[in-house]
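First comes the structure, then the notes that go with it.
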Amino acid sequence: EVTVTATTADGSFEAECVINITVPVTGVELDKTSASINLGETLKLNAKVQPADADNQEVIWSVSDDSKATVENGLVTAIGGGEVVVTATTVDGDFEASCTVTVIVPVTGIELDITDVTIYVGDSLQLNASVIPEDATNQNVSWSVNEPGKATVENGLVKALAAGEVIVTVKSEDGNFEASCTLTIENVRAESIALDQAELSLPIGQSAKLNATILPNNTTNKNVLWSSSDDTVASVAADGTITALKAGNAVITATAEDSEGALTATCNVTVTTPVSGVELDKSEEELRVGETVQLTANVLPADADNKEIRWSVSDSSILSVEDGLVTALKGGEAYVNVATVDGNFQARCKVAVIVDATGVELDKTEETIQIGDTLQLNASVLPADATEKKVTWSVDDEE
């Protein structure tokens with residue numbers, strides 16, 4: 001403040017003016033530009049008007065969202081979760097400074113939608129966690145199981161691995177609040193068992209595999225126990241492979257291990273004596289056209305179960321055969337074959353069909369030649385297909 005005085009020249013009179021000189025505001029700062037407080041807590045913000053000697057130091061406080069916070073003389077009170085901007089504005093010049101305040105809603109608890117449940121091995125279950133209060137700022141949680149060999153959990157998705165009791169726990173990152181679910185895991189029990197074959201015939205020494213199907217498909221224990229009613233006739237291995245040991249009958253039983261003997265399926269196995277060969281009572285034979293001969297086949301061994309045989313000839317224009325009865329049709333040579341249905345063992349008989357000569361002809365019946373000349377005569381044995389074509393030559397006068 002200064003006083004300005006005006007005085008007349010003779011000094012008789014004067015007048016004064018009091019002038020007040022003020023320092024204007026050029027800006028404002030807050031001691032914080034960002035801050036975090038919990039719901040219900042308070043935060044004191046301090047505004048610094050610039051310059052420090054500015055005459056008017058008054059500021060007006062405001063918030064961007066009064067549902068989240070209130071402010072009075074720089075004292076911020078958190079009333080709702082979220083982010084709010086607190087602003088200080090100078091009365092002189094409307095200069096502003098702001099602080100972003102994050103109101104944190106702390107976790108006070110956690111809950112699970114399921115606390116006790118029974119599921120089966122192989123099944124999955126989604127557990128849902130609710131952080132309390134629902135508007136808590138930090139919703140992060142972690143999951144764990146007390147028996148990792150029996151179940152796994154990821155983001156609340158539980159997968160049952162083995163029978164037993166498991167405790168699944170969820171924990172809040174904020175506050176370490178916990179909730180748990182007791183999970184009882186049970187095996188999926190077998191309901192039925194079936195074999196792919198109900199009847200089976202095997203020759204001695206042969207093997208075959210039976211396949212068992214246990215339902216439902218997700219049955220936990222799919223093990224099958226195998227047994228034979230007569231191990232001397234047919235044995236059965238742990239994988240369902242049957243081996244025929246001697247002729248006879250045996251019942252193979254498959255039992256679902258899970259059923260404790262209640263579920264079974266059976267296959268009736270007949271063990272047969274296989275054919276080892278076949279013989280004919282003749283290996284060679286001669287017939288004349290129209291003649292027949294009965295061939296007899298002997299299937300080996302004598303106690304072979306399947307003695308069925310099939311007859312055939314190598315040339316059906318020369319021979320025919322039916323049930324071993326061979327008929328000669330025309331001259332020539334052919335084989336009669338017999339084959340077993342079981343094993344296709346074979347034997348054969350060589351049959352020669354003889355055609356007897358009925359006459360002979362010469363290509364010339366009369367001819368004249370001179371002493372010292374030669375003449376070629378040709379003989380034709382009749383009929384043309386006669387077996388023996390040879391002739392002997394002679395003259396009635398060799399002189």
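Letters for chains follow the order of the structure tokens (A, B, ...), residue numbers begin at 1 for each chain, and ligand numbers begin at 1 in the order shown.
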Residue neighbourhood Ala379 in chain A, 7 Å, only C-alpha atoms, exclusion window fewer than 3 positions, as a ChimeraX atom specification
/A:360-363
Selected residues, all heavy atoms, written as a PDB file, in the first residue's frame, please.
ATOM      1  N   VAL A 360      -5.944-152.528 -89.117  1.00  0.00           N
ATOM      2  CA  VAL A 360      -4.787-151.822 -89.662  1.00  0.00           C
ATOM      3  C   VAL A 360      -4.992-151.673 -91.162  1.00  0.00           C
ATOM      4  O   VAL A 360      -5.563-152.539 -91.808  1.00  0.00           O
ATOM      5  CB  VAL A 360      -3.482-152.584 -89.341  1.00  0.00           C
ATOM      6  CG1 VAL A 360      -3.448-153.955 -90.010  1.00  0.00           C
ATOM      7  CG2 VAL A 360      -2.263-151.755 -89.769  1.00  0.00           C
ATOM      8  N   GLU A 361      -4.530-150.602 -91.743  1.00  0.00           N
ATOM      9  CA  GLU A 361      -4.632-150.330 -93.165  1.00  0.00           C
ATOM     10  C   GLU A 361      -3.269-149.922 -93.700  1.00  0.00           C
ATOM     11  O   GLU A 361      -2.466-149.322 -92.966  1.00  0.00           O
ATOM     12  CB  GLU A 361      -5.632-149.206 -93.438  1.00  0.00           C
ATOM     13  CG  GLU A 361      -7.077-149.564 -93.151  1.00  0.00           C
ATOM     14  CD  GLU A 361      -8.008-148.372 -93.420  1.00  0.00           C
ATOM     15  OE1 GLU A 361      -7.477-147.236 -93.529  1.00  0.00           O
ATOM     16  OE2 GLU A 361      -9.232-148.576 -93.512  1.00  0.00           O
ATOM     17  N   LEU A 362      -3.008-150.296 -94.995  1.00  0.00           N
ATOM     18  CA  LEU A 362      -1.810-149.817 -95.681  1.00  0.00           C
ATOM     19  C   LEU A 362      -2.209-148.766 -96.692  1.00  0.00           C
ATOM     20  O   LEU A 362      -3.325-148.806 -97.246  1.00  0.00           O
ATOM     21  CB  LEU A 362      -1.096-150.979 -96.381  1.00  0.00           C
ATOM     22  CG  LEU A 362      -0.431-152.018 -95.455  1.00  0.00           C
ATOM     23  CD1 LEU A 362       0.149-153.161 -96.291  1.00  0.00           C
ATOM     24  CD2 LEU A 362       0.672-151.361 -94.630  1.00  0.00           C
ATOM     25  N   ASP A 363      -1.320-147.875 -96.956  1.00  0.00           N
ATOM     26  CA  ASP A 363      -1.648-146.818 -97.910  1.00  0.00           C
ATOM     27  C   ASP A 363      -1.637-147.332 -99.353  1.00  0.00           C
ATOM     28  O   ASP A 363      -2.079-146.657-100.282  1.00  0.00           O
ATOM     29  CB  ASP A 363      -0.699-145.624 -97.755  1.00  0.00           C
ATOM     30  CG  ASP A 363       0.767-145.999 -97.918  1.00  0.00           C
ATOM     31  OD1 ASP A 363       1.071-147.198 -97.850  1.00  0.00           O
ATOM     32  OD2 ASP A 363       1.601-145.077 -98.047  1.00  0.00           O
TER      33      ASP A 363
END
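Residues with any atom within 7 Å of range 126-130 of chain A, counting only C-alpha atoms and excluding same-chain neighbours fewer than 5 positions away, are A:Ile110, A:Glu111, A:Leu112, A:Asp113, A:Ile114, A:Gly156, A:Leu157, A:Val158.
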Could those selected residues go to a file with N, CA, C and O atoms, as a PDB file, in the first residue's frame?
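So part_7.pdb came out as:
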ATOM      1  N   ILE A 110     -15.008 -64.365   0.118  1.00  0.00           N
ATOM      2  CA  ILE A 110     -15.142 -65.079  -1.152  1.00  0.00           C
ATOM      3  C   ILE A 110     -16.057 -66.271  -0.931  1.00  0.00           C
ATOM      4  O   ILE A 110     -16.083 -66.877   0.148  1.00  0.00           O
ATOM      5  N   GLU A 111     -16.833 -66.602  -1.974  1.00  0.00           N
ATOM      6  CA  GLU A 111     -17.774 -67.716  -1.887  1.00  0.00           C
ATOM      7  C   GLU A 111     -17.669 -68.570  -3.142  1.00  0.00           C
ATOM      8  O   GLU A 111     -17.293 -68.087  -4.208  1.00  0.00           O
ATOM      9  N   LEU A 112     -18.042 -69.866  -3.014  1.00  0.00           N
ATOM     10  CA  LEU A 112     -18.152 -70.768  -4.154  1.00  0.00           C
ATOM     11  C   LEU A 112     -19.613 -71.130  -4.378  1.00  0.00           C
ATOM     12  O   LEU A 112     -20.376 -71.235  -3.409  1.00  0.00           O
ATOM     13  N   ASP A 113     -19.985 -71.345  -5.648  1.00  0.00           N
ATOM     14  CA  ASP A 113     -21.373 -71.698  -5.947  1.00  0.00           C
ATOM     15  C   ASP A 113     -21.698 -73.133  -5.535  1.00  0.00           C
ATOM     16  O   ASP A 113     -22.853 -73.482  -5.354  1.00  0.00           O
ATOM     17  N   ILE A 114     -20.665 -73.970  -5.386  1.00  0.00           N
ATOM     18  CA  ILE A 114     -20.856 -75.359  -4.955  1.00  0.00           C
ATOM     19  C   ILE A 114     -19.852 -75.635  -3.838  1.00  0.00           C
ATOM     20  O   ILE A 114     -18.657 -75.336  -3.970  1.00  0.00           O
ATOM     21  N   GLY A 156     -11.101 -72.702 -12.163  1.00  0.00           N
ATOM     22  CA  GLY A 156     -12.336 -73.238 -11.596  1.00  0.00           C
ATOM     23  C   GLY A 156     -12.836 -74.498 -12.260  1.00  0.00           C
ATOM     24  O   GLY A 156     -13.787 -75.116 -11.775  1.00  0.00           O
ATOM     25  N   LEU A 157     -12.210 -74.911 -13.377  1.00  0.00           N
ATOM     26  CA  LEU A 157     -12.642 -76.128 -14.068  1.00  0.00           C
ATOM     27  C   LEU A 157     -11.916 -77.322 -13.450  1.00  0.00           C
ATOM     28  O   LEU A 157     -10.701 -77.470 -13.587  1.00  0.00           O
ATOM     29  N   VAL A 158     -12.687 -78.167 -12.785  1.00  0.00           N
ATOM     30  CA  VAL A 158     -12.131 -79.322 -12.094  1.00  0.00           C
ATOM     31  C   VAL A 158     -12.257 -80.551 -12.993  1.00  0.00           C
ATOM     32  O   VAL A 158     -13.320 -80.797 -13.575  1.00  0.00           O
TER      33      VAL A 158
END
Could you tell me how far CA of Ile185 in chain A lies from CA of Val224 in chain A, in Å and to one decimal?
22.6 Å
Length of the CA of Ala69 in chain A to CA of Ala35 in chain A vector [Å]:
12.7 Å
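Distances to Lys159 in chain A were evaluated for A:Ala54, A:Val188, A:Val233, A:Leu125 using only C-alpha atoms, and the minimum falls at A:Leu125.
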Check the smallest atom-to-atom distance from each of A:Thr340, A:Asn221, A:Asn306, A:Thr253 to Gly277 in chain A using only C-alpha atoms, then report the winner.
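Ranking A:Thr340, A:Asn221, A:Asn306, A:Thr253 by distance to Gly277 in chain A, first place goes to A:Thr340.
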Out of range 137-330 of chain A, which residues get strand (DSSP E) from DSSP, as a PyMOL selection string?
chain A and resi 141-145+151-154+157-160+164-172+178-186+192-195+199-203+207-209+212-215+224-228+234-236+241-244+248-256+264-272+277-280+284-288+292-294+297-300+309-313+319-322+325-328
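A straight line drawn from CA of Asn217 in chain A to CA of Arg189 in chain A is 10.3 Å long.
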With distances taken over only C-alpha atoms, which residue among A:Glu333, A:Asp373, A:Glu72, A:Glu191 lies nearest Val351 in chain A?
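Closest residue, counting only C-alpha atoms: A:Glu333.
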Thr184 in chain A surroundings by only C-alpha atoms, 10 Å radius, close-in-sequence under 5 positions cut, as a PyMOL selection string:
chain A and resi 116-121+160+163-167
With N, CA and C atoms retained, write the just-selected residues as a CSV table (one decimal), in the first residue's frame.
chain,number,residue,atom,x,y,z
A,116,ASP,N,-20.2,-78.8,-1.9
A,116,ASP,CA,-20.1,-80.2,-1.7
A,116,ASP,C,-20.7,-80.9,-2.9
A,117,VAL,N,-20.0,-81.8,-3.5
A,117,VAL,CA,-20.6,-82.4,-4.7
A,117,VAL,C,-19.9,-83.8,-5.0
A,118,THR,N,-20.6,-84.7,-5.7
A,118,THR,CA,-20.1,-86.0,-6.1
A,118,THR,C,-20.0,-86.0,-7.6
A,119,ILE,N,-18.9,-86.4,-8.2
A,119,ILE,CA,-18.8,-86.6,-9.6
A,119,ILE,C,-18.0,-87.9,-9.9
A,120,TYR,N,-17.9,-88.2,-11.1
A,120,TYR,CA,-17.2,-89.5,-11.5
A,120,TYR,C,-15.9,-89.3,-12.2
A,121,VAL,N,-15.0,-90.3,-12.1
A,121,VAL,CA,-13.7,-90.2,-12.7
A,121,VAL,C,-13.9,-90.0,-14.2
A,160,ALA,N,-11.8,-84.7,-12.8
A,160,ALA,CA,-11.6,-85.8,-11.9
A,160,ALA,C,-10.7,-86.9,-12.5
A,163,ALA,N,-10.6,-92.0,-8.1
A,163,ALA,CA,-11.6,-92.0,-7.0
A,163,ALA,C,-11.0,-91.5,-5.7
A,164,GLY,N,-11.8,-90.9,-4.9
A,164,GLY,CA,-11.4,-90.4,-3.6
A,164,GLY,C,-12.0,-89.0,-3.2
A,165,GLU,N,-11.6,-88.4,-2.2
A,165,GLU,CA,-12.1,-87.1,-1.7
A,165,GLU,C,-11.1,-86.1,-2.0
A,166,VAL,N,-11.5,-85.0,-2.6
A,166,VAL,CA,-10.6,-83.9,-2.9
A,166,VAL,C,-11.2,-82.6,-2.4
A,167,ILE,N,-10.4,-81.7,-1.9
A,167,ILE,CA,-10.8,-80.4,-1.5
A,167,ILE,C,-10.3,-79.4,-2.5
Using only C-alpha atoms, can you tell me which of A:Thr42, A:Gln57, A:Thr392, A:Thr90 comes closest to Thr77 in chain A?
A:Thr42
Identify, on the basis of only C-alpha atoms, every residue whose closest approach to Gly343 in chain A does not exceed 8 Å; exclude the query and any residue fewer than 3 positions from it along the same chain; express the result as an MDAnalysis selection string.
chainID A and resid 274:276 340
Print the selection's residues with N, CA and C atoms to a file, as an mmCIF file, in the first residue's frame.
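selection.cif, freshly written:
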data_model
loop_
_atom_site.group_PDB
_atom_site.id
_atom_site.type_symbol
_atom_site.label_atom_id
_atom_site.label_comp_id
_atom_site.auth_asym_id
_atom_site.auth_seq_id
_atom_site.Cartn_x
_atom_site.Cartn_y
_atom_site.Cartn_z
ATOM 1 N N PRO A 274 -7.510 -131.287 -36.580
ATOM 2 C CA PRO A 274 -7.364 -130.861 -37.969
ATOM 3 C C PRO A 274 -6.866 -131.987 -38.864
ATOM 4 N N VAL A 275 -7.157 -131.865 -40.138
ATOM 5 C CA VAL A 275 -6.662 -132.813 -41.136
ATOM 6 C C VAL A 275 -5.173 -132.577 -41.339
ATOM 7 N N SER A 276 -4.405 -133.682 -41.433
ATOM 8 C CA SER A 276 -2.960 -133.552 -41.652
ATOM 9 C C SER A 276 -2.536 -134.084 -43.027
ATOM 10 N N THR A 340 -8.664 -132.202 -49.508
ATOM 11 C CA THR A 340 -9.453 -132.045 -48.273
ATOM 12 C C THR A 340 -9.951 -130.618 -48.158
#
Phe177 in chain A environment, 6 Å, only C-alpha atoms, sequence neighbours closer than 5 positions dropped, as JSON, numbers by chain
{"A": [109, 171, 172]}
Store the residues picked out above in a file with all heavy atoms, as a CSV table (one decimal), in the first residue's frame.
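Writing the result to again.csv gives the following:
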chain,number,residue,atom,x,y,z
A,109,GLY,N,-14.4,-61.0,1.5
A,109,GLY,CA,-14.7,-62.5,1.6
A,109,GLY,C,-14.8,-63.1,0.2
A,109,GLY,O,-14.6,-62.4,-0.8
A,171,LYS,N,-8.7,-68.9,-3.5
A,171,LYS,CA,-8.2,-67.8,-2.5
A,171,LYS,C,-8.2,-66.5,-3.3
A,171,LYS,O,-7.7,-66.4,-4.4
A,171,LYS,CB,-6.8,-68.2,-2.1
A,171,LYS,CG,-6.2,-67.2,-1.1
A,171,LYS,CD,-4.7,-67.6,-0.8
A,171,LYS,CE,-4.7,-68.8,0.1
A,171,LYS,NZ,-3.3,-69.1,0.6
A,172,SER,N,-8.6,-65.5,-2.6
A,172,SER,CA,-8.6,-64.1,-3.2
A,172,SER,C,-7.2,-63.5,-3.1
A,172,SER,O,-6.5,-63.7,-2.1
A,172,SER,CB,-9.6,-63.2,-2.5
A,172,SER,OG,-9.2,-63.0,-1.1
Might you pull out every residue within 8 Å of range 279-285 of chain A, with only C-alpha atoms counted and same-chain residues fewer than 5 positions away left off, and present them as a list in words?
Leu295, Thr296, Ala297, Asn298, Val299, Leu300, Gln346, Ala347, Arg348, Cys349, Lys350, Val351 and Ala352 of chain A
Pick from A:Ala339, A:Ala190, A:Gly359, A:Asp231: nearest to Glu260 in chain A, with only C-alpha atoms counted?
A:Ala190
Rank nothing, just name the residue among A:Pro24, A:Val338, A:Gly261, A:Gly332 nearest to Val91 in chain A, using only C-alpha atoms.
A:Pro24
